[in-house]
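Asker: Here you go, upload-v5.csv (CSV, C-alpha atoms):
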```csv
chain,number,residue,atom,x,y,z
O,1,MET,CA,52.5,234.3,289.3
O,2,ASP,CA,54.6,231.2,289.4
O,3,ALA,CA,57.7,230.7,287.2
O,4,ALA,CA,56.1,228.3,284.7
O,5,ALA,CA,53.2,230.7,284.1
O,6,ALA,CA,55.6,233.7,283.8
O,7,LEU,CA,57.8,231.8,281.2
O,8,GLU,CA,54.7,230.7,279.3
O,9,ARG,CA,53.6,234.3,279.1
O,10,LEU,CA,57.1,235.3,278.0
O,11,ARG,CA,56.8,232.9,275.1
O,12,GLU,CA,53.4,234.3,274.2
O,13,ILE,CA,54.5,237.9,274.2
O,14,SER,CA,58.0,237.5,272.7
O,15,SER,CA,58.4,235.6,269.5
O,16,GLN,CA,62.1,236.5,269.6
O,17,VAL,CA,63.0,234.5,272.7
O,18,ARG,CA,64.0,230.9,271.9
O,19,ALA,CA,64.8,229.7,275.4
O,20,ALA,CA,64.9,231.1,278.9
O,21,VAL,CA,66.0,230.1,282.4
O,22,ILE,CA,65.1,231.9,285.6
O,23,PHE,CA,67.6,231.4,288.4
O,24,GLU,CA,69.3,232.8,291.5
O,25,ARG,CA,72.9,233.1,292.1
O,26,GLY,CA,74.4,230.0,293.5
O,27,GLY,CA,72.7,227.7,291.0
O,28,LYS,CA,69.1,227.7,292.2
O,29,ILE,CA,66.8,227.2,289.2
O,30,ILE,CA,63.4,228.9,289.5
O,31,GLY,CA,62.0,227.9,286.1
O,32,SER,CA,63.0,227.1,282.6
O,33,THR,CA,61.7,226.6,279.1
O,34,LEU,CA,64.2,223.8,278.6
O,35,GLY,CA,62.8,220.4,279.3
O,36,ASP,CA,66.0,219.1,280.8
O,37,GLU,CA,66.8,220.1,284.3
O,38,GLU,CA,70.5,219.4,283.9
O,39,ARG,CA,70.7,221.6,280.8
O,40,ALA,CA,68.9,224.4,282.6
O,41,LYS,CA,71.5,224.1,285.4
O,42,SER,CA,74.4,224.2,283.0
O,43,VAL,CA,72.9,227.3,281.2
O,44,ALA,CA,72.4,229.1,284.6
O,45,ALA,CA,76.0,228.2,285.6
O,46,GLU,CA,77.4,229.6,282.4
O,47,ALA,CA,75.2,232.7,282.7
O,48,GLU,CA,76.4,233.3,286.2
O,49,ALA,CA,80.1,233.0,285.1
O,50,LEU,CA,79.3,235.4,282.2
O,51,LEU,CA,77.9,237.8,284.7
O,52,ASP,CA,80.9,237.6,287.0
O,53,ASP,CA,83.2,238.3,284.0
O,54,ALA,CA,81.1,241.3,283.0
O,55,GLU,CA,81.1,242.7,286.6
O,56,LYS,CA,84.9,242.4,286.7
O,57,ARG,CA,85.0,244.7,283.6
O,58,ARG,CA,83.0,247.3,285.4
O,59,SER,CA,85.0,247.4,288.7
O,60,ALA,CA,88.2,247.5,286.6
O,61,ALA,CA,86.8,250.5,284.7
O,62,ASP,CA,85.5,252.7,287.5
O,63,GLY,CA,82.4,252.8,289.8
O,64,ASP,CA,80.7,250.0,291.8
O,65,ALA,CA,77.2,250.1,290.4
O,66,GLU,CA,75.3,246.8,290.4
O,67,PHE,CA,74.8,244.9,287.3
O,68,ALA,CA,71.4,245.4,285.6
O,69,GLN,CA,71.4,243.6,282.3
O,70,LEU,CA,73.7,242.5,279.4
O,71,GLU,CA,73.5,241.4,275.8
O,72,VAL,CA,76.0,239.4,274.0
O,73,ALA,CA,75.5,239.6,270.2
O,74,LEU,CA,76.8,236.6,268.3
O,75,ARG,CA,76.5,235.6,264.6
O,76,ASP,CA,74.3,232.6,265.6
O,77,GLY,CA,72.1,234.6,268.0
O,78,SER,CA,72.1,236.7,271.1
O,79,VAL,CA,72.3,235.9,274.8
O,80,PHE,CA,70.6,238.2,277.3
O,81,VAL,CA,70.9,238.3,281.1
O,82,VAL,CA,68.6,240.5,283.1
O,83,ARG,CA,68.6,241.0,286.9
O,84,ASP,CA,65.7,242.0,289.1
O,85,GLY,CA,66.4,241.9,292.8
O,86,LYS,CA,68.0,238.5,293.6
O,87,ARG,CA,66.5,236.8,290.6
O,88,LEU,CA,68.1,236.6,287.1
O,89,ILE,CA,66.9,235.5,283.8
O,90,VAL,CA,69.0,234.3,280.9
O,91,ALA,CA,67.5,234.1,277.4
O,92,THR,CA,68.6,233.3,273.9
O,93,THR,CA,67.3,234.8,270.7
O,94,ALA,CA,67.8,234.6,267.0
O,95,PRO,CA,70.5,236.9,265.5
O,96,GLU,CA,69.8,240.7,265.4
O,97,PRO,CA,66.8,240.8,267.8
O,98,THR,CA,65.0,244.0,268.8
O,99,VAL,CA,67.2,244.5,271.8
O,100,GLY,CA,65.0,247.0,273.7
O,101,LEU,CA,62.0,244.9,273.4
O,102,VAL,CA,63.7,241.7,274.6
O,103,PHE,CA,65.1,243.5,277.6
O,104,TYR,CA,61.6,244.9,278.4
O,105,ASP,CA,60.0,241.5,278.1
O,106,LEU,CA,62.6,239.8,280.3
O,107,LYS,CA,62.3,242.4,282.9
O,108,SER,CA,58.5,242.2,282.9
O,109,THR,CA,58.8,238.4,283.3
O,110,LEU,CA,60.9,238.8,286.4
O,111,ARG,CA,58.6,241.4,287.9
O,112,GLU,CA,55.5,239.3,287.3
O,113,LEU,CA,57.3,236.6,289.2
O,114,GLU,CA,57.9,239.0,292.1
O,115,ALA,CA,54.3,240.2,292.1
O,116,LYS,CA,52.1,238.6,294.7
O,117,PRO,CA,49.0,236.9,293.3
O,118,LYS,CA,45.9,239.2,293.5
O,119,PRO,CA,43.5,238.2,296.3
O,120,ALA,CA,40.2,236.8,295.1
O,121,PRO,CA,37.6,239.5,295.1
O,122,ARG,CA,35.5,239.5,298.3
O,123,LYS,CA,32.0,238.4,297.9
O,124,ARG,CA,29.4,241.0,298.5
O,125,ALA,CA,26.8,240.4,301.0
O,126,PRO,CA,23.4,240.3,299.4
O,127,ALA,CA,21.7,243.7,299.7
O,128,LYS,CA,19.1,243.9,302.4
O,129,ARG,CA,15.6,244.4,301.1
O,130,LYS,CA,13.9,247.4,302.3
O,131,ALA,CA,10.5,246.9,303.7
O,132,PRO,CA,8.1,248.3,301.1
O,133,ALA,CA,6.9,251.7,302.1
O,134,ARG,CA,3.3,251.9,303.0
O,135,ALA,CA,1.4,253.8,300.5
O,136,THR,CA,-0.3,256.6,302.2
O,137,ARG,CA,-2.6,258.6,300.2
O,138,ALA,CA,-3.6,261.9,301.5
O,139,LYS,CA,-7.2,262.5,301.0
O,140,LYS,CA,-7.7,265.1,298.5
O,141,PRO,CA,-9.6,267.9,300.0
O,142,ASP,CA,-13.0,268.0,298.6
O,143,ALA,CA,-13.2,270.8,296.2
O,144,LYS,CA,-16.9,271.1,296.6
O,145,SER,CA,-17.0,271.5,300.3
J,1,MET,CA,74.9,269.4,228.7
J,2,ARG,CA,77.6,270.3,231.2
J,3,SER,CA,75.2,271.0,234.1
J,4,ARG,CA,73.6,267.6,233.4
J,5,ASN,CA,76.9,265.8,233.7
J,6,LEU,CA,77.6,267.7,236.9
J,7,LEU,CA,74.2,266.7,238.3
J,8,THR,CA,74.8,263.0,237.4
J,9,GLY,CA,78.2,263.2,239.1
J,10,VAL,CA,76.7,264.7,242.3
J,11,LEU,CA,73.9,262.1,242.4
J,12,LEU,CA,76.4,259.2,241.9
J,13,GLY,CA,78.6,260.6,244.6
J,14,ALA,CA,75.8,261.0,247.1
J,15,GLY,CA,74.5,257.5,246.3
J,16,SER,CA,77.9,255.9,246.9
J,17,VAL,CA,78.3,257.8,250.2
J,18,ALA,CA,74.8,256.7,251.4
J,19,GLY,CA,75.5,253.1,250.3
J,20,THR,CA,78.8,253.1,252.2
J,21,LEU,CA,77.1,254.4,255.3
J,22,VAL,CA,74.4,251.7,255.2
J,23,PHE,CA,76.9,249.0,254.5
J,24,ARG,CA,79.1,250.1,257.4
J,25,ARG,CA,76.1,250.3,259.8
J,26,ARG,CA,75.0,246.8,258.9
J,27,LEU,CA,78.5,245.5,259.3
J,28,ALA,CA,78.9,247.1,262.7
J,29,ARG,CA,75.5,245.6,263.8
J,30,ARG,CA,76.7,242.1,262.7
J,31,GLN,CA,79.9,242.4,264.7
J,32,GLU,CA,80.1,240.2,267.8
J,33,ARG,CA,80.0,242.3,270.9
J,34,VAL,CA,79.1,242.5,274.6
J,35,ASP,CA,77.0,245.3,276.0
J,36,VAL,CA,76.8,245.4,279.8
J,37,TYR,CA,74.3,247.8,281.5
J,38,PHE,CA,74.6,248.9,285.2
J,39,GLY,CA,72.1,250.1,287.7
J,40,ASP,CA,73.4,253.7,287.6
J,41,GLY,CA,72.6,253.9,283.9
J,42,SER,CA,76.2,253.4,282.7
J,43,MET,CA,77.0,251.0,279.9
J,44,VAL,CA,80.2,249.2,278.9
J,45,SER,CA,80.5,247.9,275.4
J,46,LEU,CA,83.2,245.3,274.6
J,47,ALA,CA,83.9,244.7,271.0
J,48,LYS,CA,87.6,244.3,270.7
J,49,PRO,CA,88.5,240.6,270.2
J,50,GLY,CA,90.9,240.5,273.1
J,51,GLU,CA,88.6,241.9,275.8
J,52,ALA,CA,85.3,240.5,274.6
J,53,GLU,CA,86.5,236.9,273.7
J,54,PRO,CA,86.1,235.2,277.2
J,55,LEU,CA,82.5,236.5,277.4
J,56,LEU,CA,81.8,235.7,273.8
J,57,ARG,CA,83.0,232.1,274.4
J,58,ARG,CA,80.7,231.7,277.4
J,59,ALA,CA,77.8,233.1,275.4
J,60,ARG,CA,78.5,230.7,272.6
J,61,GLN,CA,78.4,227.9,275.2
J,62,ILE,CA,75.0,229.1,276.4
J,63,LEU,CA,73.6,229.2,272.9
J,64,ASP,CA,74.8,225.6,272.3
J,65,LEU,CA,73.4,224.4,275.6
J,66,ALA,CA,70.0,226.1,275.0
J,67,GLY,CA,69.8,224.7,271.5
```
Show the structure stored in the file as structure tokens.
Answerer:
Amino acid sequence: MDAAAALERLREISSQVRAAVIFERGGKIIGSTLGDEERAKSVAAEAEALLDDAEKRRSAADGDAEFAQLEVALRDGSVFVVRDGKRLIVATTAPEPTVGLVFYDLKSTLRELEAKPKPAPRKRAPAKRKAPARATRAKKPDAKS
Amino acid sequence: MRSRNLLTGVLLGAGSVAGTLVFRRRLARRQERVDVYFGDGSMVSLAKPGEAEPLLRRARQILDLAG
């Protein structure tokens, strides 16, 4: 599935998501619900910086586990960043969203993007007609004889 | 009469405790915070103004940009 289709589907399944940008680290934009490319780039850059800040908190605390997802809850709305492989998605929602659902929808969007398109079903060869079997009637033995 | 007064008092007390709990929960939910989840299942929650502020500022910027 391409990015535009995945984002379109995200909008269909999640009424809570207002805007979303799919990107890779380094500023490569894969897709966006924002019409403006420059705005999408700025959102991705801010999200990457947010991610760097969040990862610093982790390494300062203890382990070295990779970042998976984050939510920033603000009075005006929430910001979500979810990672799947090398791809990331940043999304904004209204205040007090259903956090688990939004995470699930964003993760699904990234996975759909990863999934290869299904190959078209192979056409079946028309079935060979069997030659009609010859009706062979055995002669009934004559009861009288 | 006395037992009725006691029951009313207990009910009022229970009601005010429940109300306080609900109010505090709602207040906590409205608080600005950052929850970061990692691949190993661990989670870091930043809610103190000092530690969360740089991330909150970036998130506000994202909300403004996204419109």
Asker: Tell me, as JSON, numbers by chain, which residues lie within 8 Å of Leu46 in chain J, counting all atoms listed in the file; anything in the same chain fewer than 5 positions away does not count.
Answerer: {"J": [33, 34, 35, 51, 52]}
Asker: Counting all atoms listed in the file, which residues of chain O come no farther than 9 Å from chain J, as a VMD selection string?
Answerer: chain O and resid 18 to 20 34 39 to 40 42 to 44 46 to 47 49 to 51 53 to 55 57 to 58 61 65 to 79 91 to 93 95 to 96
Asker: So how far away is CA of Pro97 in chain O from CA of Gly19 in chain J, in Å?
Answerer: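 Taking CA of Gly19 in chain J and CA of Pro97 in chain O, their separation equals 23.1 Å.
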Asker: Quick one: distance from CA of Leu110 in chain O to CA of Asp84 in chain O in Å, one decimal?
Answerer: 6.4 Å
Asker: Quick check, in Å to one decimal: how far apart do CA of Arg25 in chain O and CA of Arg9 in chain O lie?
Answerer: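 Separation between CA of Arg25 in chain O and CA of Arg9 in chain O: 23.3 Å.
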